[in-house]
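Asks: So I've got this file, input_35.tsv, and it contains TSV, C-alpha atoms:
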```tsv
chain	number	residue	atom	x	y	z
A	1	MET	CA	87.23	115.26	99.47
A	2	ASN	CA	85.13	112.17	98.75
A	3	ASP	CA	85.77	112.50	95.01
A	4	LEU	CA	89.53	112.63	95.56
A	5	ALA	CA	89.40	109.64	97.88
A	6	LYS	CA	87.66	107.64	95.13
A	7	ILE	CA	90.41	108.16	92.55
A	8	ASP	CA	91.51	104.96	90.82
A	9	ALA	CA	93.88	103.00	93.04
A	10	ARG	CA	96.37	102.70	90.17
A	11	ILE	CA	96.72	106.48	89.99
A	12	LYS	CA	97.28	106.67	93.74
A	13	ILE	CA	100.02	104.02	93.61
A	14	VAL	CA	101.81	105.65	90.65
A	15	VAL	CA	101.68	109.11	92.27
A	16	LEU	CA	102.92	107.61	95.54
A	17	VAL	CA	105.93	106.02	93.84
A	18	VAL	CA	106.74	109.27	92.01
A	19	LEU	CA	106.55	111.30	95.24
A	20	ILE	CA	108.76	108.88	97.15
A	21	VAL	CA	111.37	108.81	94.37
A	22	ALA	CA	111.36	112.62	94.18
A	23	LEU	CA	111.65	112.85	97.96
A	24	THR	CA	114.59	110.44	97.96
A	25	LEU	CA	116.49	112.34	95.28
A	26	VAL	CA	116.30	115.71	97.07
A	27	ASP	CA	119.41	116.46	99.15
A	28	LEU	CA	118.51	118.19	102.41
A	29	SER	CA	121.77	117.73	104.28
A	30	HIS	CA	123.24	121.03	103.04
A	31	LEU	CA	120.34	123.30	103.96
A	32	ALA	CA	120.65	125.93	106.70
A	33	PRO	CA	118.92	125.18	110.04
A	34	LEU	CA	116.21	127.81	109.50
A	35	ARG	CA	115.39	126.39	106.08
A	36	LEU	CA	115.15	122.89	107.54
A	37	VAL	CA	112.62	124.12	110.11
A	38	VAL	CA	110.58	125.90	107.44
A	39	LEU	CA	110.74	122.80	105.25
A	40	ALA	CA	109.54	120.55	108.08
A	41	LEU	CA	106.59	122.84	108.86
A	42	ALA	CA	105.64	123.16	105.19
A	43	ALA	CA	105.87	119.40	104.70
A	44	ALA	CA	103.71	118.79	107.78
A	45	LEU	CA	101.07	121.17	106.41
A	46	VAL	CA	101.11	119.60	102.93
A	47	MET	CA	100.90	116.04	104.30
A	48	ALA	CA	98.02	117.02	106.60
A	49	ILE	CA	96.13	118.51	103.65
A	50	LEU	CA	96.79	115.41	101.52
A	51	SER	CA	95.52	113.12	104.25
A	52	LEU	CA	92.34	115.16	104.65
A	53	LEU	CA	91.76	115.17	100.89
A	54	LEU	CA	92.08	111.39	100.89
A	55	GLY	CA	89.68	111.08	103.80
A	56	VAL	CA	92.31	109.92	106.31
A	57	SER	CA	92.85	111.31	109.81
A	58	PRO	CA	96.19	113.22	109.87
A	59	LEU	CA	96.77	112.46	113.56
A	60	LYS	CA	96.15	108.75	113.11
A	61	ALA	CA	98.41	108.63	110.05
A	62	ALA	CA	101.11	110.61	111.88
A	63	TRP	CA	101.01	108.21	114.83
A	64	THR	CA	101.05	105.12	112.60
A	65	SER	CA	104.03	106.49	110.65
A	66	CYS	CA	106.11	106.62	113.83
A	67	ILE	CA	106.71	102.89	113.40
A	68	VAL	CA	109.58	103.72	111.03
A	69	LEU	CA	111.44	105.96	113.48
A	70	PRO	CA	113.20	103.22	115.50
A	71	PHE	CA	114.61	101.69	112.31
A	72	ALA	CA	115.47	104.96	110.55
A	73	GLY	CA	116.71	106.42	113.83
A	74	GLY	CA	119.31	103.68	114.21
A	75	VAL	CA	120.68	104.43	110.74
A	76	ALA	CA	120.50	108.19	111.19
A	77	LEU	CA	122.17	108.15	114.60
A	78	PHE	CA	125.39	106.64	113.27
A	79	SER	CA	125.35	108.25	109.82
A	80	PRO	CA	127.68	111.16	110.75
A	81	LEU	CA	130.35	108.68	111.82
A	82	ALA	CA	130.69	107.46	108.22
A	83	GLN	CA	132.41	110.75	107.37
A	84	MET	CA	135.24	110.22	109.86
A	85	ASN	CA	138.72	109.30	108.71
A	86	GLU	CA	140.17	108.71	112.17
A	87	TRP	CA	138.51	107.68	115.43
A	88	SER	CA	138.83	110.07	118.35
A	89	TRP	CA	136.47	111.84	120.71
A	90	GLN	CA	137.23	115.14	119.07
A	91	ASN	CA	136.42	113.78	115.62
A	92	ILE	CA	133.23	112.14	116.87
A	93	THR	CA	132.07	115.43	118.42
A	94	SER	CA	132.95	117.31	115.27
A	95	ALA	CA	131.14	114.73	113.12
A	96	TYR	CA	127.90	115.20	115.03
A	97	LEU	CA	128.20	119.00	115.16
A	98	THR	CA	128.55	119.16	111.39
A	99	GLY	CA	126.54	116.08	110.46
A	100	TRP	CA	123.26	116.66	112.28
A	101	PRO	CA	121.58	117.86	109.02
A	102	LEU	CA	122.29	114.38	107.63
A	103	ILE	CA	120.45	112.87	110.60
A	104	PHE	CA	117.51	115.16	109.89
A	105	ASP	CA	117.65	114.25	106.20
A	106	ILE	CA	117.36	110.52	106.87
A	107	LEU	CA	114.64	110.81	109.51
A	108	PHE	CA	112.61	113.32	107.50
A	109	LYS	CA	112.66	111.26	104.30
A	110	ALA	CA	111.88	108.00	106.08
A	111	TYR	CA	108.99	109.49	108.04
A	112	ALA	CA	107.56	111.43	105.09
A	113	ALA	CA	107.72	108.38	102.80
A	114	THR	CA	106.02	106.23	105.46
A	115	PHE	CA	103.36	108.88	106.02
A	116	LEU	CA	102.59	108.98	102.29
A	117	CYS	CA	102.32	105.19	102.19
A	118	VAL	CA	100.01	105.17	105.21
A	119	ILE	CA	97.54	107.74	103.89
A	120	VAL	CA	97.43	106.11	100.45
A	121	MET	CA	96.89	102.63	101.88
A	122	GLN	CA	94.24	103.84	104.32
A	123	SER	CA	92.37	105.57	101.49
A	124	MET	CA	91.67	102.27	99.70
A	125	SER	CA	90.74	98.73	100.57
A	126	ILE	CA	93.32	95.98	100.43
A	127	GLU	CA	91.29	94.35	97.65
A	128	ASP	CA	91.52	97.53	95.54
A	129	PHE	CA	95.24	97.73	96.25
A	130	ILE	CA	95.94	94.17	95.13
A	131	GLU	CA	93.71	94.56	92.07
A	132	ALA	CA	95.54	97.78	91.14
A	133	LEU	CA	98.90	96.04	91.42
A	134	SER	CA	97.66	93.31	89.12
A	135	ARG	CA	96.41	95.82	86.54
A	136	LEU	CA	99.72	97.68	86.73
A	137	ARG	CA	101.44	94.45	85.60
A	138	ILE	CA	103.34	93.99	88.86
A	139	PRO	CA	104.96	90.50	88.93
A	140	SER	CA	102.59	87.95	90.42
A	141	ILE	CA	105.10	86.88	93.07
A	142	PHE	CA	104.99	90.35	94.67
A	143	ILE	CA	101.19	90.41	94.54
A	144	MET	CA	101.11	87.01	96.22
A	145	LEU	CA	103.46	88.25	98.95
A	146	PHE	CA	101.27	91.29	99.60
A	147	THR	CA	98.22	89.04	99.75
A	148	PHE	CA	99.75	86.69	102.30
A	149	LEU	CA	101.15	89.60	104.30
A	150	TYR	CA	97.67	91.04	104.64
A	151	ARG	CA	95.97	87.74	105.37
A	152	PHE	CA	98.37	86.64	108.10
A	153	THR	CA	99.06	89.98	109.81
A	154	ASP	CA	96.06	89.60	112.10
A	155	LEU	CA	96.98	85.99	112.77
A	156	PHE	CA	100.47	86.81	114.00
A	157	ARG	CA	99.23	89.87	115.89
A	158	GLU	CA	96.88	87.59	117.80
A	159	GLN	CA	99.71	85.11	118.38
A	160	LEU	CA	101.89	87.90	119.73
A	161	ARG	CA	99.11	89.03	122.06
A	162	ILE	CA	98.72	85.50	123.42
A	163	MET	CA	102.48	85.23	124.07
A	164	ARG	CA	102.55	88.65	125.74
A	165	ASP	CA	99.59	87.82	128.00
A	166	ALA	CA	101.21	84.51	128.94
A	167	ALA	CA	104.45	86.31	129.86
A	168	ARG	CA	102.60	88.87	131.98
A	169	SER	CA	100.76	86.16	133.90
A	170	ARG	CA	103.83	83.97	134.49
A	171	ALA	CA	106.56	86.58	134.92
A	172	PRO	CA	104.99	89.87	136.06
A	173	HIS	CA	108.25	90.84	137.80
A	174	LEU	CA	110.17	91.40	134.55
A	175	HIS	CA	111.18	95.03	134.07
A	176	GLY	CA	113.86	97.09	132.37
A	177	TRP	CA	116.59	95.23	130.52
A	178	ARG	CA	115.24	91.84	131.52
A	179	LEU	CA	111.90	92.67	129.92
A	180	LEU	CA	113.68	93.97	126.82
A	181	ALA	CA	115.72	90.76	126.58
A	182	PHE	CA	112.54	88.74	126.94
A	183	TYR	CA	110.89	90.58	124.04
A	184	GLY	CA	114.02	89.96	121.99
A	185	ARG	CA	113.76	86.22	122.58
A	186	MET	CA	110.03	86.37	121.89
A	187	SER	CA	110.74	88.07	118.55
A	188	GLY	CA	113.06	85.23	117.62
A	189	ASN	CA	110.40	82.74	118.64
A	190	MET	CA	107.85	84.53	116.45
A	191	PHE	CA	110.24	84.48	113.50
A	192	ILE	CA	110.70	80.71	113.81
A	193	ARG	CA	106.96	80.15	114.15
A	194	ALA	CA	106.30	82.33	111.09
A	195	TYR	CA	108.86	80.39	109.06
A	196	GLU	CA	107.43	77.03	110.10
A	197	ARG	CA	103.86	78.16	109.41
A	198	GLY	CA	104.92	79.41	105.98
A	199	GLU	CA	106.39	76.01	105.14
A	200	GLN	CA	103.21	74.28	106.30
A	201	ILE	CA	100.99	76.60	104.29
A	202	TYR	CA	103.09	76.19	101.16
A	203	SER	CA	102.95	72.40	101.46
A	204	ALA	CA	99.19	72.60	101.90
A	205	MET	CA	98.91	74.81	98.82
A	206	LEU	CA	100.93	72.37	96.70
A	207	SER	CA	98.76	69.49	97.84
A	208	ARG	CA	95.69	71.43	96.68
A	209	GLY	CA	96.99	72.07	93.18
A	210	TYR	CA	98.78	75.43	93.56
A	211	ASP	CA	100.38	76.34	90.21
A	212	GLY	CA	101.99	79.70	91.01
A	213	THR	CA	98.90	81.91	90.82
A	214	LEU	CA	96.25	82.61	93.41
A	215	PRO	CA	92.50	82.42	92.65
A	216	ARG	CA	91.05	85.84	91.82
A	217	ALA	CA	88.46	85.52	94.58
```
Turn this file's structure into C-alpha cells for me.
Replies:
Amino acid sequence: MNDLAKIDARIKIVVLVVLIVALTLVDLSHLAPLRLVVLALAAALVMAILSLLLGVSPLKAAWTSCIVLPFAGGVALFSPLAQMNEWSWQNITSAYLTGWPLIFDILFKAYAATFLCVIVMQSMSIEDFIEALSRLRIPSIFIMLFTFLYRFTDLFREQLRIMRDAARSRAPHLHGWRLLAFYGRMSGNMFIRAYERGEQIYSAMLSRGYDGTLPRA
C-alpha cells in the first residue's frame, strides 16, 4: 500500500482525469434497477479498495465527498422534467416514474468523481500536486489559482467561523427558515469580502513586482 501511495503525482493526476472522463461517458440511465444496485455496490467496493491502496480512509473520503450531493442533487432532482413536452401533474408523475434512473446517473457520477478526486488529493501533499501540474505543462494561470485557493482556504474558513460565532452570541434565537436566510446573507457577505480581499492582494502583488508567475518557493 505504501508503494502505491508513493506513485508519482503526475501519474495519479493523469489516471484520475482518465477515470473521470470514462465515468462521464458511460450512460447508466437505461440500466435495469437490479443492475444499478449491483453497479453501486461494485463501485463502492472498488472505491474503498482504491482508497486503502492509496493510504486514505474510505469512511473519511466518503464523508468528505458528500459535499457534492447538495449541488448535484439540485440538478438531478429536476432532470426528469427536461423530458416533458407539456406541463401537467400527470406528466410530472410520469416523468419521475420513468426518469429516476437519470437521477441516479447524475448523483452516482458526481459522487464517484468527487470521491476519486478526494482520495487522490489526500494521497499527496499540495506541494506535490502543484509541482505535478507544473511538470504536466498546465497553464500557469490555473496553477496560480490552485495555489491561492489552497493558501486562502484556511483564512476564509476561520473568517466564517468568526462570523458564525458572532451570530450565535448575538442572535441565538434564530432557527428554521430565519437561520437559513441568515446563512444566505452571510454567504453573500463572504463573497464580497473574498472579492475585496482578492483585489487588495492583487494590488499588493503588483506593487511588489509580480510579473505573472509565482516564485517556486
Asks: Using only C-alpha atoms, which residue out of A:Ile143, A:Val37, A:Cys117, A:Met205 lies closest to A:Ile13?
Replies: A:Cys117
Asks: Which value, in Å to one decimal, gives the distance between atom CA of A:Tyr111 and atom CA of A:Ala76?
Replies: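 So the two atoms, atom CA of A:Tyr111 and atom CA of A:Ala76, lie 12.0 Å apart.
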Asks: Please determine, counting all atoms listed in the file, which residue among A:Ala62, A:Ala204, A:Met186, A:Leu25 has the shortest atom-to-atom distance to A:Leu45.
Replies: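 Among the listed residues, the smallest separation from A:Leu45 belongs to A:Ala62.
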Asks: My list of candidates is A:Ile7, A:Leu155, A:Leu102, A:Leu133. Which is closest to A:Leu31 when distances are computed with only C-alpha atoms?
Replies: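 Among the listed residues, A:Leu102 lies closest to A:Leu31.
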Asks: What is the distance between atom CA of A:Pro80 and atom CA of A:Val17, in Å to one decimal?
Replies: 28.0 Å
Asks: Using all atoms listed in the file, which residues sit within 12 Å of A:Ile11 once same-chain residues fewer than 4 positions away are excluded, as a ChimeraX atom specification?
Replies: /A:4-7,15-18,120,124,128-129,132-133,135-136
Asks: Excluding same-chain residues fewer than 4 positions from A:Leu145, what lies within 12 Å of it counting all atoms listed in the file, as an MDAnalysis selection string?
Replies: chainID A and resid 130 133 138:141 149:153 198 212:214
Asks: Could the residues in this selection be written to a file with C-alpha atoms, as a PDB file, keeping the file's coordinate frame?
Replies:
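This went into out_21.pdb:
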```
ATOM      1  CA  ILE A 130      95.940  94.170  95.130  1.00  0.00           C
ATOM      2  CA  LEU A 133      98.900  96.040  91.420  1.00  0.00           C
ATOM      3  CA  ILE A 138     103.340  93.990  88.860  1.00  0.00           C
ATOM      4  CA  PRO A 139     104.960  90.500  88.930  1.00  0.00           C
ATOM      5  CA  SER A 140     102.590  87.950  90.420  1.00  0.00           C
ATOM      6  CA  ILE A 141     105.100  86.880  93.070  1.00  0.00           C
ATOM      7  CA  LEU A 149     101.150  89.600 104.300  1.00  0.00           C
ATOM      8  CA  TYR A 150      97.670  91.040 104.640  1.00  0.00           C
ATOM      9  CA  ARG A 151      95.970  87.740 105.370  1.00  0.00           C
ATOM     10  CA  PHE A 152      98.370  86.640 108.100  1.00  0.00           C
ATOM     11  CA  THR A 153      99.060  89.980 109.810  1.00  0.00           C
ATOM     12  CA  GLY A 198     104.920  79.410 105.980  1.00  0.00           C
ATOM     13  CA  GLY A 212     101.990  79.700  91.010  1.00  0.00           C
ATOM     14  CA  THR A 213      98.900  81.910  90.820  1.00  0.00           C
ATOM     15  CA  LEU A 214      96.250  82.610  93.410  1.00  0.00           C
TER      16      LEU A 214
END
```
Asks: So which residues touch A:Leu69 within 10 Å, counting all atoms listed in the file, skipping near sequence neighbours fewer than 4 positions away, as a PDB file with C-alpha atoms, keeping the file's coordinate frame?
Replies:
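Wrote out-v9.pdb, looks like this:
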```pdb
ATOM      1  CA  SER A  65     104.030 106.490 110.650  1.00  0.00           C
ATOM      2  CA  GLY A  73     116.710 106.420 113.830  1.00  0.00           C
ATOM      3  CA  GLY A  74     119.310 103.680 114.210  1.00  0.00           C
ATOM      4  CA  VAL A  75     120.680 104.430 110.740  1.00  0.00           C
ATOM      5  CA  ALA A  76     120.500 108.190 111.190  1.00  0.00           C
ATOM      6  CA  ILE A 106     117.360 110.520 106.870  1.00  0.00           C
ATOM      7  CA  LEU A 107     114.640 110.810 109.510  1.00  0.00           C
ATOM      8  CA  PHE A 108     112.610 113.320 107.500  1.00  0.00           C
ATOM      9  CA  ALA A 110     111.880 108.000 106.080  1.00  0.00           C
ATOM     10  CA  TYR A 111     108.990 109.490 108.040  1.00  0.00           C
ATOM     11  CA  THR A 114     106.020 106.230 105.460  1.00  0.00           C
TER      12      THR A 114
END
```
Asks: Which residues, written as a list in words, have at least one atom at most 7 Å from A:Gln122, with all atoms listed in the file counted and residues fewer than 3 positions away on the same chain left out?
Replies: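 In the requested format, the answer is Val56, Val118 and Ile119 of chain A.
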Asks: Atom CA of A:Arg168 and atom CA of A:Arg185, how far apart in Å?
Replies: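 The value is 14.8 Å.
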Asks: With distances taken over only C-alpha atoms, which residue among A:Met163, A:Ala9, A:Ala82, A:Ala72 lies nearest A:Met121?
Replies: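 Looking at the shortest contact to A:Met121, the residue is A:Ala9.
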Asks: Would you mind telling me which residue in A:Phe156, A:Leu116, A:Glu86, A:Thr93 lies nearest to A:Val46 when using all atoms listed in the file?
Replies: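 Smallest separation from A:Val46 among the options: A:Leu116.
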Asks: Counting all atoms listed in the file, figure out which residue out of A:Lys60, A:Arg35, A:Lys109, A:Arg178 gets nearest to A:Ile20.
Replies: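 Going through A:Lys60, A:Arg35, A:Lys109, A:Arg178 one by one, the smallest distance to A:Ile20 is for A:Lys109.
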